[in-house]
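Shown here: coords_20.cif, mmCIF, C-alpha atoms and all ligand atoms.
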```cif
data_final
#
loop_
_atom_site.label_atom_id
_atom_site.label_comp_id
_atom_site.auth_asym_id
_atom_site.auth_seq_id
_atom_site.Cartn_x
_atom_site.Cartn_y
_atom_site.Cartn_z
CA MET A 88 0.15 0.84 -0.87
CA GLN A 89 -0.62 4.00 -2.79
CA GLU A 90 1.72 6.98 -3.24
CA LEU A 91 -0.22 10.18 -2.46
CA ALA A 92 2.68 12.63 -2.79
CA PRO A 93 6.46 12.25 -3.17
CA ASP A 94 7.60 9.90 -0.37
CA VAL A 95 4.10 9.74 1.17
CA TRP A 96 2.27 6.42 0.90
CA GLN A 97 -1.02 5.22 2.32
CA LEU A 98 -1.28 1.53 3.18
CA HIS A 99 -4.29 -0.41 1.97
CA GLY A 100 -6.99 -1.36 4.45
CA THR A 101 -10.46 -2.90 4.58
CA PRO A 102 -12.66 -0.96 4.24
CA GLN A 103 -10.25 1.39 2.47
CA HIS A 104 -9.64 4.67 4.39
CA ALA A 105 -11.40 3.40 7.56
CA ILE A 106 -8.26 3.20 9.72
CA ASN A 107 -5.28 4.69 7.96
CA VAL A 108 -1.57 3.94 8.23
CA PHE A 109 0.97 6.04 6.31
CA LEU A 110 4.60 5.77 5.36
CA ILE A 111 6.67 8.96 4.90
CA GLY A 112 10.13 8.11 3.63
CA ASP A 113 11.17 5.27 5.92
CA VAL A 114 8.96 6.31 8.85
CA LEU A 115 5.73 4.47 9.58
CA ILE A 116 2.93 6.72 10.84
CA ASP A 117 0.40 5.05 13.14
CA ALA A 118 -0.28 1.38 13.75
CA ALA A 119 -4.08 0.95 13.46
CA THR A 120 -5.55 -1.75 15.77
CA ARG A 121 -3.96 -4.82 17.28
CA TRP A 122 -5.66 -6.85 14.54
CA SER A 123 -3.75 -4.93 11.86
CA THR A 124 -0.24 -6.28 12.45
CA ARG A 125 -0.28 -8.71 9.52
CA ARG A 126 -1.78 -6.26 6.99
CA ILE A 127 0.89 -3.70 7.89
CA LEU A 128 3.76 -6.21 7.85
CA ARG A 129 2.63 -7.58 4.48
CA GLN A 130 2.74 -4.11 2.91
CA ILE A 131 6.02 -2.88 4.35
CA CYS A 132 7.76 -6.18 3.61
CA GLY A 133 11.03 -5.53 1.75
CA ARG A 134 11.22 -1.87 2.77
CA SER A 135 13.62 -0.63 5.36
CA ILE A 136 11.68 1.10 8.13
CA SER A 137 13.53 3.27 10.64
CA ARG A 138 10.84 3.94 13.27
CA LEU A 139 7.17 4.14 14.15
CA VAL A 140 5.62 7.52 14.98
CA LEU A 141 2.12 7.82 16.49
CA THR A 142 -0.08 10.82 15.75
CA HIS A 143 -1.66 10.11 19.15
CA CYS A 144 -2.21 7.31 21.61
CA HIS A 145 -5.62 5.77 20.91
CA PRO A 146 -6.50 2.07 20.45
CA ASP A 147 -7.02 2.45 16.67
CA HIS A 148 -3.60 4.11 16.23
CA GLN A 149 -1.33 2.30 18.68
CA GLY A 150 -2.88 -1.17 18.32
CA ALA A 151 -0.07 -2.90 16.42
CA ALA A 152 2.70 -0.67 17.80
CA ALA A 153 4.12 -3.15 20.31
CA ALA A 154 4.03 -6.05 17.83
CA LEU A 155 5.66 -4.01 15.05
CA CYS A 156 8.28 -2.31 17.22
CA GLY A 157 9.07 -5.50 19.11
CA GLY A 158 9.12 -7.68 15.99
CA LEU A 159 11.14 -5.33 13.78
CA SER A 160 13.22 -3.67 16.54
CA LEU A 161 11.81 -0.25 15.67
CA PRO A 162 11.98 2.68 18.06
CA LEU A 163 8.58 4.11 18.97
CA GLU A 164 7.98 7.87 19.06
CA CYS A 165 5.03 10.02 20.10
CA HIS A 166 4.40 13.39 21.71
CA ALA A 167 5.56 13.65 25.32
CA LEU A 168 2.01 14.19 26.61
CA ASP A 169 0.80 10.86 25.17
CA VAL A 170 3.79 8.87 26.46
CA PRO A 171 2.20 7.91 29.85
CA ALA A 172 -0.82 6.45 28.03
CA MET A 173 1.38 4.58 25.51
CA GLU A 174 3.53 3.15 28.29
CA GLY A 175 0.47 2.09 30.31
CA LEU A 176 1.26 4.42 33.23
CA GLU A 177 -1.92 6.46 32.81
CA PRO A 178 -5.27 5.78 31.10
CA MET A 179 -5.74 6.90 27.51
CA GLN A 180 -7.70 10.15 27.24
CA PRO A 181 -10.58 10.75 27.60
CA ASP A 182 -10.77 8.36 30.53
CA SER A 183 -14.31 7.28 29.62
CA TRP A 184 -16.31 4.07 29.53
CA LEU A 185 -16.52 4.17 25.70
CA LEU A 186 -12.78 4.51 25.29
CA TRP A 187 -12.33 1.69 27.81
CA CYS A 188 -14.54 -0.51 25.57
CA SER A 189 -12.56 0.53 22.50
CA ARG A 190 -9.36 -0.41 24.33
CA GLN A 191 -10.69 -3.89 25.08
CA LEU A 192 -11.52 -4.40 21.40
CA TYR A 193 -8.63 -2.75 19.57
CA ALA A 194 -5.70 -1.65 21.73
CA GLY A 195 -2.31 -3.28 21.79
CA PRO A 196 -0.20 -3.65 24.92
CA PRO A 197 1.81 -0.75 26.36
CA TYR A 198 5.26 -0.25 24.83
CA ARG A 199 8.26 1.84 25.78
CA VAL A 200 8.56 5.14 23.90
CA SER A 201 12.13 5.76 22.70
CA ARG A 202 11.77 9.45 21.84
CA GLN A 203 9.32 11.99 23.16
CA LEU A 204 8.32 14.37 20.38
CA LYS A 205 7.78 18.07 20.87
CA HIS A 206 6.51 20.96 18.77
CA GLY A 207 9.09 21.89 16.12
CA ASP A 208 10.82 18.51 15.85
CA GLU A 209 11.50 17.21 12.35
CA ILE A 210 10.53 13.79 11.00
CA ALA A 211 11.43 12.74 7.45
CA GLY A 212 11.14 16.29 6.14
CA PHE A 213 7.95 17.00 8.09
CA GLN A 214 7.64 19.37 11.02
CA VAL A 215 5.94 18.21 14.22
CA LEU A 216 3.13 20.57 15.26
CA HIS A 217 1.49 20.03 18.63
CA ALA A 218 -2.29 19.96 18.05
CA PRO A 219 -3.85 18.98 21.41
CA GLY A 220 -7.51 18.42 22.15
CA HIS A 221 -8.45 15.02 20.74
CA THR A 222 -5.71 13.72 23.04
CA PRO A 223 -3.25 15.85 25.04
CA GLY A 224 -0.35 14.76 22.80
CA GLU A 225 -1.99 14.77 19.35
CA ILE A 226 0.37 15.98 16.61
CA ILE A 227 0.15 17.17 13.02
CA LEU A 228 3.06 16.44 10.67
CA PHE A 229 3.45 19.19 8.08
CA ARG A 230 5.75 19.48 5.05
CA GLU A 231 5.78 23.10 4.00
CA SER A 232 7.44 22.61 0.57
CA ASP A 233 4.29 21.01 -0.91
CA ARG A 234 1.87 21.65 1.99
CA VAL A 235 1.25 18.01 2.89
CA ALA A 236 -0.28 17.49 6.35
CA ILE A 237 -0.80 14.26 8.27
CA ALA A 238 -3.22 15.08 11.04
CA GLY A 239 -4.32 11.92 12.88
CA ASP A 240 -7.77 12.51 14.38
CA VAL A 241 -7.76 16.32 14.54
CA VAL A 242 -10.45 15.93 11.86
CA ASN A 243 -12.04 12.96 10.09
CA SER A 244 -12.52 13.15 6.31
CA MET A 245 -15.44 10.75 6.29
CA SER A 246 -18.51 9.99 8.36
CA LEU A 247 -17.68 7.22 10.83
CA ILE A 248 -21.27 5.97 10.46
CA THR A 249 -21.90 6.00 6.69
CA LEU A 250 -18.20 6.05 5.64
CA ARG A 251 -19.08 8.76 3.08
CA PRO A 252 -16.35 11.38 2.47
CA GLY A 253 -16.78 14.72 4.22
CA LEU A 254 -15.16 16.73 7.01
CA HIS A 255 -16.25 15.96 10.58
CA GLU A 256 -14.97 16.60 14.06
CA PRO A 257 -13.79 13.42 15.77
CA PRO A 258 -16.55 12.05 18.04
CA ALA A 259 -16.80 14.05 21.28
CA CYS A 260 -16.96 10.82 23.29
CA PHE A 261 -13.44 9.96 22.08
CA THR A 262 -12.05 13.50 22.44
CA ALA A 263 -10.38 14.73 25.62
CA ASP A 264 -11.14 18.45 25.08
CA VAL A 265 -13.51 19.37 22.24
CA ALA A 266 -12.93 23.15 22.47
CA GLN A 267 -9.16 22.71 22.39
CA ASN A 268 -9.46 20.35 19.42
CA ARG A 269 -11.47 23.01 17.56
CA ARG A 270 -8.54 25.38 17.99
CA SER A 271 -6.29 22.66 16.55
CA ILE A 272 -8.69 22.29 13.59
CA GLN A 273 -8.34 26.04 13.00
CA MET A 274 -4.54 25.74 13.17
CA LEU A 275 -4.71 22.91 10.62
CA ALA A 276 -6.96 24.94 8.32
CA ASP A 277 -4.60 27.92 8.57
CA LEU A 278 -1.82 25.70 7.15
CA GLU A 279 -3.91 25.45 3.95
CA PRO A 280 -2.79 21.87 3.27
CA SER A 281 -2.91 20.94 -0.41
CA LEU A 282 -3.04 17.30 0.71
CA LEU A 283 -4.49 16.37 4.09
CA CYS A 284 -4.07 12.80 5.31
CA VAL A 285 -6.08 11.79 8.38
CA GLY A 286 -6.62 8.68 10.44
CA HIS A 287 -10.15 8.08 9.21
CA GLY A 288 -11.21 9.02 5.69
CA PRO A 289 -9.75 9.49 2.22
CA PRO A 290 -6.99 11.97 1.31
CA TRP A 291 -8.47 15.47 1.32
CA ARG A 292 -7.27 17.95 -1.32
CA ASP A 293 -9.57 20.90 -0.72
CA PRO A 294 -8.00 23.45 1.67
CA GLN A 295 -10.80 25.96 1.00
CA ARG A 296 -13.51 23.60 2.27
CA LEU A 297 -11.34 22.82 5.29
CA LYS A 298 -11.20 26.56 6.04
CA GLU A 299 -14.97 26.87 5.73
CA PHE A 300 -15.43 23.84 7.99
CA ALA A 301 -13.10 25.33 10.64
CA SER A 302 -14.80 28.73 10.52
CA ARG A 303 -18.24 27.12 11.06
CA LEU A 304 -16.92 25.63 14.33
CA ARG A 305 -15.84 28.97 15.77
ZN ZN A 401 -8.17 9.12 18.16
ZN ZN A 402 -8.70 7.24 15.34
#
```

structure tokens encoding of this file:
Amino acid sequence: MQELAPDVWQLHGTPQHAINVFLIGDVLIDAATRWSTRRILRQICGRSISRLVLTHCHPDHQGAAAALCGGLSLPLECHALDVPAMEGLEPMQPDSWLLWCSRQLYAGPPYRVSRQLKHGDEIAGFQVLHAPGHTPGEIILFRESDRVAIAGDVVNSMSLITLRPGLHEPPACFTADVAQNRRSIQMLADLEPSLLCVGHGPPWRDPQRLKEFASRLR
């Protein structure tokens, strides 16, 4: 894995940056797809991990959650509004045919959430910011001291078709409320993150271009 900032690592993947998993301190952030269990276990081997936090409950972020949490006895945490989807009590959002297909291909089984996160909680020196829209319980993790943000799928930093770096909204067909997500993109841009880590795409170190991107969506 690669250290992007003090105590912030990005795990390797194939292709690199396509589906990202991060480690902040001893907290694992996201769990990619259900096919990713071995690549994650291989990279965190020898490290003591305290818990798994999901930026949101989608098949490409919760896929290995049950296997990792069950296998390593890790508590699972996500925002309260994504808990019903993670525990299999309600469908993931948006409740669409495309997301259903994605679930068949990539999702892991439901798993019990140990702690429901809310806006203002603290995780390994990062603050939890509720950033709904892509899913109802999407969160941004923000460390003010060096302005590092981990933002799940609020934005993508590459094209999901060509894999070329660049800022994009997450696909509307996988987003519960596009207008609400645009407000979350604006909130993210207002943080002026010096380092932005997202679920899909390389680390983004250009807060000015993020601001311009957000203002074009208004
Ligand atoms: Zn997503
Ligand atoms: Zn995603």

inquiry  = Counting all atoms listed in the file, what are the residues, protein, DNA or RNA alike, that approach ligand ZN 401 (chain A) to within 7 Å? I want them as an MDAnalysis selection string.
reply    = chainID A and resid 143 145 147 221 240 261

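Look at Cys188 in chain A: the protein and nucleic acid residues within 12 Å of it, using all atoms listed in the file and passing over chain neighbours fewer than 6 places away, are His145, Pro146, Met179, Asp182, Ala194, Cys260 and Phe261 of chain A.
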
message = When you look at Gln130 in chain A with a cut-off of 9 Å (counting all atoms listed in the file), what residues show up, excluding the ones that are within fewer than 5 positions of it in the same chain? I need them as a PyMOL selection string.
response = chain A and resi 88+98-99+125

Spatial neighbours of Gly157 in chain A, 12 Å, all atoms listed in the file, chain gap at least 4 places, as a PDB file with C-alpha atoms, in the coordinates of the input:
```pdb
ATOM      1  CA  THR A 124      -0.240  -6.280  12.450  1.00  0.00           C
ATOM      2  CA  ARG A 138      10.840   3.940  13.270  1.00  0.00           C
ATOM      3  CA  LEU A 139       7.170   4.140  14.150  1.00  0.00           C
ATOM      4  CA  ALA A 151      -0.070  -2.900  16.420  1.00  0.00           C
ATOM      5  CA  ALA A 152       2.700  -0.670  17.800  1.00  0.00           C
ATOM      6  CA  ALA A 153       4.120  -3.150  20.310  1.00  0.00           C
ATOM      7  CA  LEU A 161      11.810  -0.250  15.670  1.00  0.00           C
ATOM      8  CA  PRO A 162      11.980   2.680  18.060  1.00  0.00           C
ATOM      9  CA  LEU A 163       8.580   4.110  18.970  1.00  0.00           C
ATOM     10  CA  GLY A 195      -2.310  -3.280  21.790  1.00  0.00           C
ATOM     11  CA  PRO A 196      -0.200  -3.650  24.920  1.00  0.00           C
ATOM     12  CA  PRO A 197       1.810  -0.750  26.360  1.00  0.00           C
ATOM     13  CA  TYR A 198       5.260  -0.250  24.830  1.00  0.00           C
ATOM     14  CA  ARG A 199       8.260   1.840  25.780  1.00  0.00           C
ATOM     15  CA  VAL A 200       8.560   5.140  23.900  1.00  0.00           C
TER      16      VAL A 200
END
```

message = I want to know what sits within 8 Å of Arg269 in chain A, based on all atoms listed in the file, with residues of the same chain fewer than 6 positions away left out; could you give that as a PyMOL selection string?
response = chain A and resi 220+301+304-305

query = CA of Met245 in chain A and CA of Leu115 in chain A are how many Å apart?
reply = 22.3 Å

Contacts between ligand ZN 402 (chain A) and chain A, please, where a residue of chain A counts if it comes within 10 Å (with all atoms listed in the file); show its shortest atom pair and distance in Å to one decimal, rows by chain and ascending number, as CSV.
```
residue,atom,partner,partner_atom,distance
A:Ala105,CA,A:ZN402,ZN,9.1
A:Ile106,CA,A:ZN402,ZN,6.9
A:Asn107,CA,A:ZN402,ZN,8.5
A:Asp117,CA,A:ZN402,ZN,9.6
A:Ala119,CA,A:ZN402,ZN,8.0
A:Thr120,CA,A:ZN402,ZN,9.5
A:Thr142,CA,A:ZN402,ZN,9.3
A:His143,CA,A:ZN402,ZN,8.5
A:Cys144,CA,A:ZN402,ZN,9.0
A:His145,CA,A:ZN402,ZN,6.5
A:Pro146,CA,A:ZN402,ZN,7.6
A:Asp147,CA,A:ZN402,ZN,5.2
A:His148,CA,A:ZN402,ZN,6.0
A:Gln149,CA,A:ZN402,ZN,9.5
A:His221,CA,A:ZN402,ZN,9.5
A:Gly239,CA,A:ZN402,ZN,6.9
A:Asp240,CA,A:ZN402,ZN,5.4
A:Val241,CA,A:ZN402,ZN,9.2
A:Val242,CA,A:ZN402,ZN,9.5
A:Asn243,CA,A:ZN402,ZN,8.5
A:Pro257,CA,A:ZN402,ZN,8.0
A:Pro258,CA,A:ZN402,ZN,9.6
A:Phe261,CA,A:ZN402,ZN,8.7
A:Val285,CA,A:ZN402,ZN,8.7
A:Gly286,CA,A:ZN402,ZN,5.5
A:His287,CA,A:ZN402,ZN,6.4
```
